[in-house]
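Text of the file run.pdb, holding PDB, C-alpha atoms:
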```pdb
ATOM      1  CA  MET A   1     -34.158  92.739  84.943
ATOM      2  CA  THR A   2     -32.315  95.133  87.263
ATOM      3  CA  THR A   3     -29.887  97.518  85.592
ATOM      4  CA  THR A   4     -26.946  98.697  87.691
ATOM      5  CA  LEU A   5     -24.155 101.207  87.172
ATOM      6  CA  ILE A   6     -20.966 100.960  89.226
ATOM      7  CA  THR A   7     -18.421 103.767  89.005
ATOM      8  CA  GLY A   8     -14.743 102.846  89.151
ATOM      9  CA  ALA A   9     -15.614  99.246  88.345
ATOM     10  CA  ASN A  10     -12.713  98.110  86.180
ATOM     11  CA  LYS A  11     -10.777  96.866  89.249
ATOM     12  CA  GLY A  12     -10.875  96.333  93.009
ATOM     13  CA  LEU A  13     -14.112  96.530  94.951
ATOM     14  CA  GLY A  14     -16.009  97.869  91.944
ATOM     15  CA  PHE A  15     -14.972  94.917  89.797
ATOM     16  CA  GLU A  16     -15.860  92.366  92.478
ATOM     17  CA  THR A  17     -19.212  94.058  93.085
ATOM     18  CA  ALA A  18     -19.918  93.945  89.357
ATOM     19  CA  ARG A  19     -18.986  90.267  89.214
ATOM     20  CA  ARG A  20     -21.343  89.402  92.045
ATOM     21  CA  LEU A  21     -24.230  91.446  90.661
ATOM     22  CA  VAL A  22     -23.846  89.975  87.173
ATOM     23  CA  ALA A  23     -24.005  86.538  88.798
ATOM     24  CA  ALA A  24     -27.180  87.663  90.600
ATOM     25  CA  GLY A  25     -28.811  88.518  87.281
ATOM     26  CA  HIS A  26     -28.217  92.267  87.066
ATOM     27  CA  THR A  27     -27.374  93.997  83.824
ATOM     28  CA  VAL A  28     -24.239  95.852  84.931
ATOM     29  CA  TYR A  29     -22.510  98.893  83.496
ATOM     30  CA  VAL A  30     -18.816  98.963  84.330
ATOM     31  CA  GLY A  31     -18.005 102.644  84.725
ATOM     32  CA  SER A  32     -14.351 103.399  83.985
ATOM     33  CA  ARG A  33     -12.305 106.495  83.143
ATOM     34  CA  ASP A  34     -10.147 104.452  80.778
ATOM     35  CA  ALA A  35     -12.100 103.082  77.837
ATOM     36  CA  GLU A  36      -9.778 100.141  77.154
ATOM     37  CA  ARG A  37      -9.547  99.021  80.776
ATOM     38  CA  GLY A  38     -13.291  99.302  81.072
ATOM     39  CA  ARG A  39     -13.816  97.290  77.908
ATOM     40  CA  ARG A  40     -11.510  94.502  79.097
ATOM     41  CA  ALA A  41     -13.164  94.378  82.516
ATOM     42  CA  ALA A  42     -16.657  94.292  81.005
ATOM     43  CA  GLU A  43     -15.673  91.437  78.684
ATOM     44  CA  ARG A  44     -14.351  89.413  81.617
ATOM     45  CA  LEU A  45     -17.529  90.035  83.587
ATOM     46  CA  GLY A  46     -20.170  89.701  80.907
ATOM     47  CA  ALA A  47     -21.108  93.313  81.617
ATOM     48  CA  ARG A  48     -21.411  96.534  79.609
ATOM     49  CA  ALA A  49     -18.528  98.988  79.390
ATOM     50  CA  LEU A  50     -19.293 102.653  80.030
ATOM     51  CA  VAL A  51     -16.709 105.409  79.795
ATOM     52  CA  LEU A  52     -17.306 107.565  82.853
ATOM     53  CA  ASP A  53     -14.902 109.979  84.536
ATOM     54  CA  VAL A  54     -16.635 111.155  87.695
ATOM     55  CA  THR A  55     -14.535 114.353  87.737
ATOM     56  CA  ASP A  56     -15.706 115.466  84.276
ATOM     57  CA  ASP A  57     -19.148 116.983  83.647
ATOM     58  CA  ALA A  58     -19.178 116.135  79.944
ATOM     59  CA  SER A  59     -18.152 112.536  80.538
ATOM     60  CA  VAL A  60     -20.863 112.012  83.157
ATOM     61  CA  ALA A  61     -23.520 113.659  80.990
ATOM     62  CA  ALA A  62     -22.570 111.484  78.011
ATOM     63  CA  ALA A  63     -22.722 108.356  80.187
ATOM     64  CA  ALA A  64     -26.187 109.300  81.442
ATOM     65  CA  ARG A  65     -27.420 109.788  77.865
ATOM     66  CA  ALA A  66     -26.017 106.394  76.861
ATOM     67  CA  VAL A  67     -27.681 104.588  79.763
ATOM     68  CA  GLU A  68     -30.967 106.356  79.118
ATOM     69  CA  ALA A  69     -30.845 105.354  75.447
ATOM     70  CA  ASP A  70     -30.297 101.733  76.482
ATOM     71  CA  GLY A  71     -33.388 101.699  78.673
ATOM     72  CA  GLY A  72     -32.698 103.303  82.052
ATOM     73  CA  LEU A  73     -31.225 102.568  85.467
ATOM     74  CA  ASP A  74     -32.350 100.943  88.719
ATOM     75  CA  VAL A  75     -29.237 100.885  90.900
ATOM     76  CA  LEU A  76     -26.336 103.320  91.171
ATOM     77  CA  VAL A  77     -23.202 102.367  93.098
ATOM     78  CA  ASN A  78     -20.959 105.383  93.677
ATOM     79  CA  ASN A  79     -17.732 103.451  94.167
ATOM     80  CA  ALA A  80     -15.019 105.509  92.459
ATOM     81  CA  GLY A  81     -12.622 106.992  95.000
ATOM     82  CA  ILE A  82      -9.011 107.892  95.800
ATOM     83  CA  GLU A  83      -7.039 108.105  99.041
ATOM     84  CA  GLY A  84      -4.191 110.365  97.940
ATOM     85  CA  ARG A  85      -1.122 108.625  99.358
ATOM     86  CA  GLN A  86       2.321 110.110  98.767
ATOM     87  CA  GLU A  87       5.596 108.496  97.690
ATOM     88  CA  GLY A  88       6.435 105.408  99.659
ATOM     89  CA  ASN A  89       2.727 104.579 100.007
ATOM     90  CA  THR A  90       2.423 106.739 103.122
ATOM     91  CA  VAL A  91      -0.661 108.652 104.218
ATOM     92  CA  VAL A  92      -0.409 112.447 104.162
ATOM     93  CA  GLY A  93      -0.820 113.635 107.743
ATOM     94  CA  ALA A  94      -2.189 116.871 109.145
ATOM     95  CA  ALA A  95       1.169 118.660 109.067
ATOM     96  CA  ASP A  96       1.560 118.134 105.325
ATOM     97  CA  VAL A  97      -1.991 118.220 103.976
ATOM     98  CA  THR A  98      -2.643 121.094 101.583
ATOM     99  CA  ALA A  99      -5.706 122.701 100.106
ATOM    100  CA  ASP A 100      -4.699 121.302  96.718
ATOM    101  CA  LEU A 101      -4.611 117.763  98.081
ATOM    102  CA  MET A 102      -7.981 118.235  99.747
ATOM    103  CA  ARG A 103      -9.404 119.638  96.528
ATOM    104  CA  THR A 104      -8.135 116.660  94.506
ATOM    105  CA  LEU A 105      -9.712 114.120  96.842
ATOM    106  CA  PHE A 106     -12.968 116.010  97.120
ATOM    107  CA  GLU A 107     -13.191 116.290  93.321
ATOM    108  CA  THR A 108     -13.409 112.514  93.026
ATOM    109  CA  ASN A 109     -14.783 111.352  96.366
ATOM    110  CA  VAL A 110     -17.369 114.066  97.005
ATOM    111  CA  PHE A 111     -18.051 116.169  93.929
ATOM    112  CA  GLY A 112     -17.933 112.984  91.852
ATOM    113  CA  VAL A 113     -20.709 111.451  93.942
ATOM    114  CA  VAL A 114     -22.834 114.580  93.529
ATOM    115  CA  ARG A 115     -22.047 114.909  89.823
ATOM    116  CA  VAL A 116     -22.997 111.320  89.027
ATOM    117  CA  SER A 117     -26.019 111.254  91.334
ATOM    118  CA  HIS A 118     -27.372 114.474  89.834
ATOM    119  CA  ALA A 119     -26.973 113.186  86.283
ATOM    120  CA  PHE A 120     -28.633 109.820  86.939
ATOM    121  CA  LEU A 121     -31.401 110.890  89.338
ATOM    122  CA  PRO A 122     -33.922 111.393  86.505
ATOM    123  CA  LEU A 123     -33.362 107.787  85.398
ATOM    124  CA  LEU A 124     -33.480 106.389  88.925
ATOM    125  CA  ARG A 125     -36.734 108.189  89.670
ATOM    126  CA  ARG A 126     -38.357 106.348  86.749
ATOM    127  CA  SER A 127     -37.372 102.966  88.210
ATOM    128  CA  ALA A 128     -39.875 100.864  90.130
ATOM    129  CA  ALA A 129     -37.298 100.088  92.846
ATOM    130  CA  PRO A 130     -34.399 102.563  92.696
ATOM    131  CA  VAL A 131     -31.331 102.172  94.900
ATOM    132  CA  VAL A 132     -28.193 104.243  95.476
ATOM    133  CA  VAL A 133     -25.190 102.866  97.337
ATOM    134  CA  ASN A 134     -22.480 105.356  98.277
ATOM    135  CA  VAL A 135     -19.215 103.632  99.126
ATOM    136  CA  SER A 136     -17.950 105.430 102.205
ATOM    137  CA  SER A 137     -15.455 104.316 104.875
ATOM    138  CA  GLY A 138     -15.302 103.779 108.598
ATOM    139  CA  LEU A 139     -12.912 106.728 108.527
ATOM    140  CA  GLY A 140     -15.900 108.894 107.646
ATOM    141  CA  SER A 141     -17.375 108.273 111.100
ATOM    142  CA  THR A 142     -16.528 111.051 113.555
ATOM    143  CA  THR A 143     -17.463 108.670 116.370
ATOM    144  CA  LEU A 144     -15.065 105.931 115.262
ATOM    145  CA  VAL A 145     -12.193 108.231 114.342
ATOM    146  CA  SER A 146     -12.370 109.918 117.755
ATOM    147  CA  ALA A 147     -12.492 106.634 119.719
ATOM    148  CA  VAL A 148      -9.102 106.307 121.384
ATOM    149  CA  GLY A 149      -7.365 102.986 120.815
ATOM    150  CA  THR A 150      -9.205 101.984 117.638
ATOM    151  CA  PRO A 151      -7.602 101.553 114.195
ATOM    152  CA  SER A 152      -9.653 104.496 112.938
ATOM    153  CA  TYR A 153      -8.296 106.729 115.707
ATOM    154  CA  GLY A 154      -4.759 105.892 114.608
ATOM    155  CA  TYR A 155      -5.247 106.953 110.985
ATOM    156  CA  PRO A 156      -3.216 110.167 110.470
ATOM    157  CA  GLY A 157      -4.757 111.458 107.251
ATOM    158  CA  VAL A 158      -7.117 114.424 106.974
ATOM    159  CA  ALA A 159      -8.332 114.570 103.377
ATOM    160  CA  TYR A 160      -9.707 111.044 102.977
ATOM    161  CA  PRO A 161     -11.713 110.906 106.245
ATOM    162  CA  ALA A 162     -13.080 114.397 105.567
ATOM    163  CA  SER A 163     -14.191 113.375 102.094
ATOM    164  CA  LYS A 164     -15.978 110.282 103.382
ATOM    165  CA  ALA A 165     -17.649 112.241 106.182
ATOM    166  CA  ALA A 166     -18.976 114.501 103.445
ATOM    167  CA  VAL A 167     -20.257 111.454 101.545
ATOM    168  CA  ASN A 168     -22.128 110.377 104.676
ATOM    169  CA  MET A 169     -23.841 113.760 104.955
ATOM    170  CA  ILE A 170     -24.689 113.735 101.251
ATOM    171  CA  THR A 171     -26.270 110.305 101.762
ATOM    172  CA  VAL A 172     -28.502 111.500 104.591
ATOM    173  CA  GLN A 173     -29.647 114.649 102.800
ATOM    174  CA  TYR A 174     -30.354 112.886  99.497
ATOM    175  CA  ALA A 175     -32.264 110.135 101.315
ATOM    176  CA  LYS A 176     -34.522 112.743 102.932
ATOM    177  CA  ALA A 177     -35.000 114.581  99.641
ATOM    178  CA  PHE A 178     -35.877 111.444  97.658
ATOM    179  CA  PRO A 179     -37.850 109.089  99.927
ATOM    180  CA  GLY A 180     -38.784 106.907  96.956
ATOM    181  CA  ILE A 181     -35.135 105.903  96.485
ATOM    182  CA  ARG A 182     -33.233 103.678  98.931
ATOM    183  CA  ILE A 183     -30.009 105.661  99.477
ATOM    184  CA  ASN A 184     -27.366 104.404 101.906
ATOM    185  CA  ALA A 185     -23.654 104.700 102.674
ATOM    186  CA  VAL A 186     -21.556 101.590 103.239
ATOM    187  CA  GLU A 187     -18.203 100.814 104.838
ATOM    188  CA  PRO A 188     -16.508  97.906 103.031
ATOM    189  CA  GLY A 189     -13.727  97.609 105.615
ATOM    190  CA  TYR A 190      -9.971  97.841 105.197
ATOM    191  CA  THR A 191      -9.732  96.018 101.891
ATOM    192  CA  ALA A 192      -6.564  95.334  99.911
ATOM    193  CA  THR A 193      -6.945  97.416  96.728
ATOM    194  CA  ASP A 194      -4.881  99.826  94.658
ATOM    195  CA  LEU A 195      -6.501 102.682  96.598
ATOM    196  CA  ASN A 196      -4.401 101.879  99.674
ATOM    197  CA  GLY A 197      -1.423 100.272  97.940
ATOM    198  CA  ASN A 198      -2.907  96.838  98.688
ATOM    199  CA  THR A 199      -2.178  97.266 102.395
ATOM    200  CA  GLY A 200      -5.706  96.296 103.434
ATOM    201  CA  THR A 201      -6.295  93.321 105.700
ATOM    202  CA  GLN A 202      -9.287  91.785 103.941
ATOM    203  CA  THR A 203     -10.035  90.569 100.425
ATOM    204  CA  VAL A 204     -12.185  92.282  97.806
ATOM    205  CA  GLU A 205     -14.630  89.401  98.183
ATOM    206  CA  GLU A 206     -15.063  90.302 101.857
ATOM    207  CA  GLY A 207     -15.166  94.031 101.192
ATOM    208  CA  ALA A 208     -17.763  93.790  98.448
ATOM    209  CA  GLU A 209     -20.219  91.905 100.666
ATOM    210  CA  ILE A 210     -21.994  94.947 102.108
ATOM    211  CA  ILE A 211     -21.974  96.794  98.776
ATOM    212  CA  VAL A 212     -23.652  93.888  97.016
ATOM    213  CA  ARG A 213     -26.130  93.377  99.853
ATOM    214  CA  MET A 214     -27.258  96.992  99.771
ATOM    215  CA  ALA A 215     -27.339  97.103  95.960
ATOM    216  CA  ARG A 216     -29.791  94.183  95.994
ATOM    217  CA  MET A 217     -32.054  95.736  98.621
ATOM    218  CA  GLY A 218     -35.786  95.889  97.994
ATOM    219  CA  PRO A 219     -38.209  98.824  98.322
ATOM    220  CA  ASP A 220     -38.853  97.966 101.986
ATOM    221  CA  GLY A 221     -35.179  98.304 102.924
ATOM    222  CA  PRO A 222     -33.575 101.080 104.977
ATOM    223  CA  THR A 223     -32.623 104.467 103.610
ATOM    224  CA  GLY A 224     -30.403 107.250 104.883
ATOM    225  CA  GLY A 225     -28.261 104.767 106.807
ATOM    226  CA  TYR A 226     -24.581 103.912 107.227
ATOM    227  CA  PHE A 227     -23.674 100.218 107.337
ATOM    228  CA  ASN A 228     -20.896  97.683 107.310
ATOM    229  CA  ALA A 229     -21.265  93.921 106.970
ATOM    230  CA  ALA A 230     -22.186  93.598 110.660
ATOM    231  CA  GLY A 231     -24.899  96.259 110.685
ATOM    232  CA  PRO A 232     -25.433  99.995 111.270
ATOM    233  CA  LEU A 233     -22.478 102.251 112.104
ATOM    234  CA  PRO A 234     -22.338 105.412 114.231
ATOM    235  CA  TRP A 235     -21.987 108.673 112.340
TER     236      TRP A 235
END
```
Take the structure I supplied and represent it as structure tokens, if you would.
Amino acid sequence: MTTTLITGANKGLGFETARRLVAAGHTVYVGSRDAERGRRAAERLGARALVLDVTDDASVAAAARAVEADGGLDVLVNNAGIEGRQEGNTVVGAADVTADLMRTLFETNVFGVVRVSHAFLPLLRRSAAPVVVNVSSGLGSTTLVSAVGTPSYGYPGVAYPASKAAVNMITVQYAKAFPGIRINAVEPGYTATDLNGNTGTQTVEEGAEIIVRMARMGPDGPTGGYFNAAGPLPW
């Protein structure tokens, strides 16, 4: 039995990923900052609720102890993330971005990935087939964001793309450091979720496809890569 933890899994892409992995036979922990929302989501899914705030050291440490006590972990999906839109559901552009806004996004999107990965690495390294999936974005690709005429080029925000570019680098460096673990970054696509005020152009079912595929990868799969549903992406 494969045991999987998904952060930010009480809604959106995390919830859909959990649903698909439960259906595939995984024992799934639904990581959620809010205990009640996590409990309700886990009940709907037939999963296990786990209180986990990726921005809080004590919360992450307690979650790691709970998972260890229950038997360990095989797959970690670092899904929790924020975009940081302002009133009116508009993206904060370069003229208005502040260090405080950057810090807030990095606390969840970057430091959260490191905090959770660090806490659960000892459990993953005991697994026979450990996997880490870091949910990134096409906006984390310098190549795509600098390609004139593409949707990524037209995105005006600074903080979110910078945070996802950092996630991509974290993915590469962790993959080199831990060759026994399959560690990859994925781009779900522009999916309608609360993160973007449900402005995305595809469904959570479509967005979760690459996350689920990489979470189910075997020991012979790629590592240190960056993928969407169609294949590898440029950094």
| request: Would you please work out which residue, of A:Thr171, A:Ala129, A:Ala166, A:Gly157, is nearest to A:Gly93 when using only C-alpha atoms? | output: A:Gly157
| Where does the PyMOL selection byres ((chain A and resi 79) around 9) land in this file, that is, which residues does it pick, as a list of chain:residue names? |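 Against this file, the PyMOL selection byres ((chain A and resi 79) around 9) returns the residues A:Ile6, A:Thr7, A:Gly8, A:Ala9, A:Leu13, A:Gly14, A:Val77, A:Asn78, A:Ala80, A:Gly81, A:Asn109, A:Val113, A:Val133, A:Asn134, A:Val135, A:Ser136.
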Could you take the residues named above and write them with C-alpha atoms, as a PDB file, keeping the file's coordinate frame?
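Output contents, as saved in part_38.pdb:
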```pdb
ATOM      1  CA  ILE A   6     -20.966 100.960  89.226  1.00  0.00           C
ATOM      2  CA  THR A   7     -18.421 103.767  89.005  1.00  0.00           C
ATOM      3  CA  GLY A   8     -14.743 102.846  89.151  1.00  0.00           C
ATOM      4  CA  ALA A   9     -15.614  99.246  88.345  1.00  0.00           C
ATOM      5  CA  LEU A  13     -14.112  96.530  94.951  1.00  0.00           C
ATOM      6  CA  GLY A  14     -16.009  97.869  91.944  1.00  0.00           C
ATOM      7  CA  VAL A  77     -23.202 102.367  93.098  1.00  0.00           C
ATOM      8  CA  ASN A  78     -20.959 105.383  93.677  1.00  0.00           C
ATOM      9  CA  ALA A  80     -15.019 105.509  92.459  1.00  0.00           C
ATOM     10  CA  GLY A  81     -12.622 106.992  95.000  1.00  0.00           C
ATOM     11  CA  ASN A 109     -14.783 111.352  96.366  1.00  0.00           C
ATOM     12  CA  VAL A 113     -20.709 111.451  93.942  1.00  0.00           C
ATOM     13  CA  VAL A 133     -25.190 102.866  97.337  1.00  0.00           C
ATOM     14  CA  ASN A 134     -22.480 105.356  98.277  1.00  0.00           C
ATOM     15  CA  VAL A 135     -19.215 103.632  99.126  1.00  0.00           C
ATOM     16  CA  SER A 136     -17.950 105.430 102.205  1.00  0.00           C
TER      17      SER A 136
END
```
| field | Polymer residues at most 9 Å from A:Arg216, all atoms listed in the file, same-chain spacing of 5 or more positions, as a ChimeraX atom specification | value | /A:21,24,75,131,211
| request: Please write the residues picked by the PyMOL selection byres ((chain A and resi 102) around 10) on this file as a list of chain:residue names. | output: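 Selection result, ordered by chain and number: A:Gly84, A:Val97, A:Thr98, A:Ala99, A:Asp100, A:Leu101, A:Arg103, A:Thr104, A:Leu105, A:Phe106, A:Glu107, A:Val158, A:Ala159, A:Tyr160, A:Ala162, A:Ser163.
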Writing out the chosen residues with C-alpha atoms as a tab-separated table (two decimals), in the coordinates of the input:
```
chain	number	residue	atom	x	y	z
A	84	GLY	CA	-4.19	110.36	97.94
A	97	VAL	CA	-1.99	118.22	103.98
A	98	THR	CA	-2.64	121.09	101.58
A	99	ALA	CA	-5.71	122.70	100.11
A	100	ASP	CA	-4.70	121.30	96.72
A	101	LEU	CA	-4.61	117.76	98.08
A	103	ARG	CA	-9.40	119.64	96.53
A	104	THR	CA	-8.14	116.66	94.51
A	105	LEU	CA	-9.71	114.12	96.84
A	106	PHE	CA	-12.97	116.01	97.12
A	107	GLU	CA	-13.19	116.29	93.32
A	158	VAL	CA	-7.12	114.42	106.97
A	159	ALA	CA	-8.33	114.57	103.38
A	160	TYR	CA	-9.71	111.04	102.98
A	162	ALA	CA	-13.08	114.40	105.57
A	163	SER	CA	-14.19	113.38	102.09
```
| query | From the list A:Arg65, A:Arg182, A:Arg20, A:Arg39, which residue is nearest A:Pro222 when using all atoms listed in the file? | reply |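 Closest to A:Pro222 of all the choices is A:Arg182.
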| request: Work out how far apart atom CA of A:Asn184 and atom CA of A:Leu233 are and give it in Å to one decimal. | output: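 Rounded to one decimal, the two atoms are 11.5 Å apart.
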| message | Need to verify the contact set: A:Glu68, 12 Å, all atoms listed in the file, exclusion of same-chain residues closer than 2 positions in sequence. Can you return it as a list in words? | response |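 Near A:Glu68, the qualifying residues are Thr3, Leu5, Ala61, Ala62, Ala63, Ala64, Arg65, Ala66, Asp70, Gly71, Gly72, Leu73, Asp74, Ala119, Phe120, Leu121, Pro122, Leu123, Leu124, Arg126 and Ser127 of chain A.
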| said: Env of stretch 140-150 of chain A: 6 Å cut, atoms = all atoms listed in the file, seq-sep filter 6 positions within chain, self excluded. Answer as a ChimeraX atom specification. | reply: /A:161,164-165,235
Let me see the file: selected residues, C-alpha atoms, as a tab-separated table (two decimals), in the coordinates of the input.
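Here's the written file part_36.tsv:
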```
chain	number	residue	atom	x	y	z
A	161	PRO	CA	-11.71	110.91	106.24
A	164	LYS	CA	-15.98	110.28	103.38
A	165	ALA	CA	-17.65	112.24	106.18
A	235	TRP	CA	-21.99	108.67	112.34
```
Could the centre and edge lengths of an axis-aligned box, enclosing all atoms of stretch 166-171 of chain A in the file with 6 Å extra on each side, be given in Å to one decimal as JSON?
```
{"center_x": -22.6, "center_y": 112.4, "center_z": 103.1, "size_x": 19.3, "size_y": 16.2, "size_z": 15.7}
```
| Nearest to A:Gly12 among A:Ala58, A:Ala41, A:Ile181, A:Met214, with distances taken over all atoms listed in the file: which residue is it? |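 The shortest atom-to-atom distance to A:Gly12 comes from A:Ala41.
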